[in-house]
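Following: one structure in structure tokens, then a few remarks.
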Amino acid sequence: MKNFYIVDHPLIKKDLTILRDKNTQPEIFRSALQRISNLLAAEISKNIILEQTEIETPLEKTIGYKLKKQIVLVPVLRAGLGMVNGFLELIPDSKVGHIGLQRNEETLEPIEYYFKTPSELEKSDIILLDPMLATGGSASGAITYLKNRGAQTIYFACIVAAPKGVQRINSDHPEVKIYSASLDRELNNKGYILPGLGDAGDRTFGTL
């Protein structure tokens, strides 16, 4: 699959096991989700472009580096909120936007109910956050909304992905790079990822 990257790391595999376990309590689920997000952030940030800047140490002038473009994190509400802190730990000067998409349970297509992002998206690197890439409808819709607001460089970060969702993004937005902790087997007849980890939003916030 094009532009799809599995971040293969022993600690991700360990924490993904915690996320999949149906007996994992919300506080433990949130911690594991944040740790995986931190490692995903490390991998995606390899794409970040830096520019040189001159600074003074206590002893002399030297050359350092700073981000060339603003980083904007955009979690898909609600579940994407659980990934934000993991990314902010590694890229603390990021700005954060929010997009709310609700899935129509019959058509499985997204319905927007909230959208707010920083200005000048066209000058920023956007990282869209959503733990689940299932049918790809919500992710594709979110990317479209961001593009309509001027976004040009967009990365998508998730915890688990289904082949159908990856194919949808490849088809609708072939330039978008997808980073995931796992490529799972398939979707069931309700559009949920198998083996998956259940509803990430409910498990993160204890609203089962």
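As shown in the structure tokens, the chain order sets the letters A, B, ...; within each chain, residues go from 1, and ligands are also counted from 1 in the order they appear.
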
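Proximity to segment 161-163 of chain A at 10 Å, evaluated using only C-alpha atoms and with sequence-adjacent residues fewer than 5 positions away removed, yields Met1, Phe4, Ile6, Pro131, Met132, Leu133, Ala134, Thr135, Gly136, Arg168, Ile178, Tyr179, Ser180, Ala181, Ser182, Leu183, Asp184, Arg185, Glu186, Leu187, Gly191, Tyr192, Ile193, Leu194, Pro195 and Gly196 of chain A.
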
### Task
Check segment 28-190 of chain A with DSSP on the backbone and list each residue it calls alpha helix (DSSP H), as a ChimeraX atom specification.
/A:28-44,81-90,137-148,163-172

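When atom CA of Val72 of chain A is paired with atom CA of Asn85 of chain A, their separation reads 13.0 Å.
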
Show which residues sit within 9 Å of segment 22-35 of chain A, as a compact mmCIF listing (two decimals) with N, CA, C and O atoms, in the first residue's frame. Count only C-alpha atoms, and ignore same-chain residues fewer than 4 positions away.
# COMPACT_ATOMS: atom_id res chain seq x y z
N LEU A 11 8.40 -1.43 22.18
CA LEU A 11 7.54 -0.80 23.18
C LEU A 11 6.14 -0.54 22.62
O LEU A 11 5.16 -0.58 23.37
N ILE A 12 6.05 -0.27 21.33
CA ILE A 12 4.74 -0.13 20.71
C ILE A 12 3.99 -1.45 20.76
O ILE A 12 2.79 -1.50 21.07
N LYS A 14 4.32 -3.84 22.89
CA LYS A 14 3.91 -4.10 24.27
C LYS A 14 2.68 -3.28 24.63
O LYS A 14 1.70 -3.82 25.19
N ASP A 15 2.70 -1.99 24.31
CA ASP A 15 1.58 -1.13 24.68
C ASP A 15 0.34 -1.40 23.82
O ASP A 15 -0.79 -1.23 24.29
N LEU A 16 0.54 -1.82 22.59
CA LEU A 16 -0.60 -2.17 21.75
C LEU A 16 -1.33 -3.37 22.33
O LEU A 16 -2.57 -3.45 22.26
N ILE A 18 -1.63 -3.97 25.48
CA ILE A 18 -2.42 -3.40 26.58
C ILE A 18 -3.71 -2.78 26.02
O ILE A 18 -4.80 -2.96 26.58
N LEU A 39 5.91 7.69 20.41
CA LEU A 39 6.80 7.01 19.47
C LEU A 39 6.39 7.27 18.02
O LEU A 39 7.24 7.38 17.13
N LEU A 40 5.09 7.38 17.78
CA LEU A 40 4.64 7.76 16.44
C LEU A 40 5.13 9.16 16.10
O LEU A 40 5.55 9.44 14.96
N GLY A 82 -6.86 11.62 22.85
CA GLY A 82 -5.97 10.77 23.63
C GLY A 82 -4.56 10.70 23.08
O GLY A 82 -3.65 10.23 23.77
N MET A 83 -4.36 11.15 21.84
CA MET A 83 -3.04 11.10 21.22
C MET A 83 -2.29 12.42 21.33
O MET A 83 -1.08 12.48 21.09
N VAL A 84 -2.99 13.50 21.68
CA VAL A 84 -2.40 14.83 21.62
C VAL A 84 -1.20 14.99 22.55
O VAL A 84 -0.13 15.47 22.14
N ASN A 85 -1.33 14.59 23.80
CA ASN A 85 -0.24 14.82 24.75
C ASN A 85 1.03 14.08 24.37
O ASN A 85 2.14 14.58 24.60
N GLY A 86 0.88 12.90 23.79
CA GLY A 86 2.06 12.15 23.34
C GLY A 86 2.84 12.91 22.28
O GLY A 86 4.08 12.90 22.26
N PHE A 87 2.13 13.60 21.39
CA PHE A 87 2.78 14.40 20.37
C PHE A 87 3.33 15.70 20.94
O PHE A 87 4.42 16.15 20.57
N PRO A 131 -7.03 7.46 16.55
CA PRO A 131 -6.53 6.12 16.84
C PRO A 131 -6.95 5.05 15.84
O PRO A 131 -6.22 4.08 15.62
N ILE A 159 -3.41 4.43 15.51
CA ILE A 159 -2.88 3.31 16.29
C ILE A 159 -3.08 2.00 15.54
O ILE A 159 -2.15 1.21 15.40
N LEU A 197 -9.27 -2.82 18.78
CA LEU A 197 -9.17 -2.58 20.23
C LEU A 197 -10.47 -2.01 20.77
O LEU A 197 -10.49 -1.42 21.84
N GLY A 198 -11.55 -2.20 20.01
CA GLY A 198 -12.84 -1.68 20.44
C GLY A 198 -13.01 -0.23 20.04
O GLY A 198 -12.35 0.26 19.13
N ASP A 202 -14.53 5.54 23.65
CA ASP A 202 -15.18 5.02 24.86
C ASP A 202 -14.16 4.45 25.82
O ASP A 202 -14.26 4.66 27.04
N ARG A 203 -13.17 3.75 25.30
CA ARG A 203 -12.18 3.13 26.18
C ARG A 203 -11.24 4.16 26.78
O ARG A 203 -10.76 3.98 27.91
N THR A 204 -10.97 5.24 26.06
CA THR A 204 -10.12 6.29 26.59
C THR A 204 -10.80 7.04 27.73
O THR A 204 -10.18 7.34 28.75
N PHE A 205 -12.08 7.35 27.55
CA PHE A 205 -12.77 8.22 28.49
C PHE A 205 -13.73 7.48 29.41
O PHE A 205 -14.46 8.09 30.20
N GLY A 206 -13.75 6.14 29.34
CA GLY A 206 -14.56 5.35 30.26
C GLY A 206 -16.04 5.51 30.06
O GLY A 206 -16.80 5.45 31.02

### Residues within 8 Å of Leu90 of chain A, only C-alpha atoms, excluding chain neighbours under 4 positions, as a ChimeraX atom specification
/A:38,41-42,86

Generate a file of the selected residues that holds C-alpha atoms, formatted as a JSON list (two decimals), in the first residue's frame.
[["chain", "number", "residue", "atom", "x", "y", "z"],
["A", 38, "ASN", "CA", 5.00, 9.61, 21.57],
["A", 41, "ALA", "CA", 5.54, 11.43, 16.87],
["A", 42, "ALA", "CA", 9.23, 10.53, 16.87],
["A", 86, "GLY", "CA", 2.06, 12.15, 23.34]]

Per residue of segment 100-179 of chain A within 9 Å of segment 43-57 of chain A, note the shortest atom pair and the distance in Å to one decimal, counting only C-alpha atoms, and order the rows by chain and increasing residue number, as a tab-separated table.
residue	atom	partner	partner_atom	distance
A:Asp125	CA	A:Ile48	CA	8.1
A:Ile127	CA	A:Ile44	CA	8.6
A:Tyr155	CA	A:Ile44	CA	7.8
A:Ala157	CA	A:Ile44	CA	8.3
A:Tyr179	CA	A:Ile44	CA	7.3

Dump as a PDB file, in the first residue's frame, selection limited to all heavy atoms:
ATOM      1  N   ASP A 125       2.857  22.313   8.748  1.00  0.00           N
ATOM      2  CA  ASP A 125       2.795  20.861   8.602  1.00  0.00           C
ATOM      3  C   ASP A 125       1.682  20.367   9.526  1.00  0.00           C
ATOM      4  O   ASP A 125       1.711  20.628  10.738  1.00  0.00           O
ATOM      5  CB  ASP A 125       4.119  20.201   8.991  1.00  0.00           C
ATOM      6  CG  ASP A 125       5.183  20.381   7.924  1.00  0.00           C
ATOM      7  OD1 ASP A 125       4.823  20.665   6.757  1.00  0.00           O
ATOM      8  OD2 ASP A 125       6.380  20.227   8.239  1.00  0.00           O
ATOM      9  N   ILE A 127      -0.548  17.386  11.308  1.00  0.00           N
ATOM     10  CA  ILE A 127      -0.583  15.977  11.705  1.00  0.00           C
ATOM     11  C   ILE A 127      -1.980  15.681  12.230  1.00  0.00           C
ATOM     12  O   ILE A 127      -2.383  16.162  13.288  1.00  0.00           O
ATOM     13  CB  ILE A 127       0.475  15.641  12.768  1.00  0.00           C
ATOM     14  CG1 ILE A 127       1.879  16.065  12.291  1.00  0.00           C
ATOM     15  CG2 ILE A 127       0.452  14.137  13.078  1.00  0.00           C
ATOM     16  CD1 ILE A 127       2.972  15.850  13.326  1.00  0.00           C
ATOM     17  N   TYR A 155      -0.010  14.810   7.407  1.00  0.00           N
ATOM     18  CA  TYR A 155       0.328  13.443   7.803  1.00  0.00           C
ATOM     19  C   TYR A 155      -0.836  12.899   8.624  1.00  0.00           C
ATOM     20  O   TYR A 155      -1.528  13.656   9.306  1.00  0.00           O
ATOM     21  CB  TYR A 155       1.605  13.415   8.647  1.00  0.00           C
ATOM     22  CG  TYR A 155       2.806  14.012   7.957  1.00  0.00           C
ATOM     23  CD1 TYR A 155       3.137  15.363   8.127  1.00  0.00           C
ATOM     24  CD2 TYR A 155       3.612  13.246   7.120  1.00  0.00           C
ATOM     25  CE1 TYR A 155       4.226  15.923   7.486  1.00  0.00           C
ATOM     26  CE2 TYR A 155       4.711  13.800   6.484  1.00  0.00           C
ATOM     27  CZ  TYR A 155       5.010  15.137   6.664  1.00  0.00           C
ATOM     28  OH  TYR A 155       6.083  15.695   6.022  1.00  0.00           O
ATOM     29  N   ALA A 157      -1.791  10.072  11.575  1.00  0.00           N
ATOM     30  CA  ALA A 157      -1.266   9.156  12.583  1.00  0.00           C
ATOM     31  C   ALA A 157      -2.412   8.392  13.232  1.00  0.00           C
ATOM     32  O   ALA A 157      -3.388   8.997  13.679  1.00  0.00           O
ATOM     33  CB  ALA A 157      -0.480   9.918  13.652  1.00  0.00           C
ATOM     34  N   TYR A 179       0.895   6.898   9.168  1.00  0.00           N
ATOM     35  CA  TYR A 179       1.759   6.211  10.127  1.00  0.00           C
ATOM     36  C   TYR A 179       0.877   5.498  11.142  1.00  0.00           C
ATOM     37  O   TYR A 179      -0.037   6.089  11.719  1.00  0.00           O
ATOM     38  CB  TYR A 179       2.675   7.206  10.846  1.00  0.00           C
ATOM     39  CG  TYR A 179       3.744   7.774   9.941  1.00  0.00           C
ATOM     40  CD1 TYR A 179       3.460   8.828   9.077  1.00  0.00           C
ATOM     41  CD2 TYR A 179       5.033   7.252   9.942  1.00  0.00           C
ATOM     42  CE1 TYR A 179       4.429   9.345   8.238  1.00  0.00           C
ATOM     43  CE2 TYR A 179       6.014   7.769   9.113  1.00  0.00           C
ATOM     44  CZ  TYR A 179       5.708   8.813   8.259  1.00  0.00           C
ATOM     45  OH  TYR A 179       6.669   9.324   7.417  1.00  0.00           O
TER      46      TYR A 179
END

### Task
Give the strand (DSSP E) residues of segment 38-196 of chain A, as assigned by DSSP on the backbone, as a ChimeraX atom specification.
/A:50-56,61-67,70-77,95-96,98-103,110-116,124-129,132-133,153-161,177-183,186-187,193-194

### Which residue of A:His9, A:Lys61, A:His173, A:Lys164 approaches Ser140 of chain A most closely, using only C-alpha atoms
A:His173

### Message
From the options A:Gly100, A:Val76, A:Phe115, A:Asp93, which residue's atoms come nearest to Phe156 of chain A, counting only C-alpha atoms?
### Response
A:Val76

### Query
What is the atom CA of Leu67 of chain A-atom CA of Ser124 of chain A distance in Å, reported with one decimal?
10.4 Å

### Summary
If you count only C-alpha atoms, the residue of A:Glu175, A:Asp130, A:Asp21, A:Asp199 closest to Gly80 of chain A turns out to be A:Asp130

### Task
Quick one: pull the distance between atom CA of Ile36 of chain A and atom CA of Gly201 of chain A, Å, one decimal.
15.7 Å

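Neighbours of Ile126 of chain A closer than or equal to 10 Å, with only C-alpha atoms counted and sequence neighbours fewer than 3 positions away skipped, come out as Lys69, Gln70, Ile71, Val72, Leu73, Val74, Ser94, Lys95, Val96, Gly97, Leu121, Glu122, Lys123, Leu129, Ile143, Leu146, Ala151, Gln152, Thr153, Ile154, Tyr155 and Phe156 of chain A.
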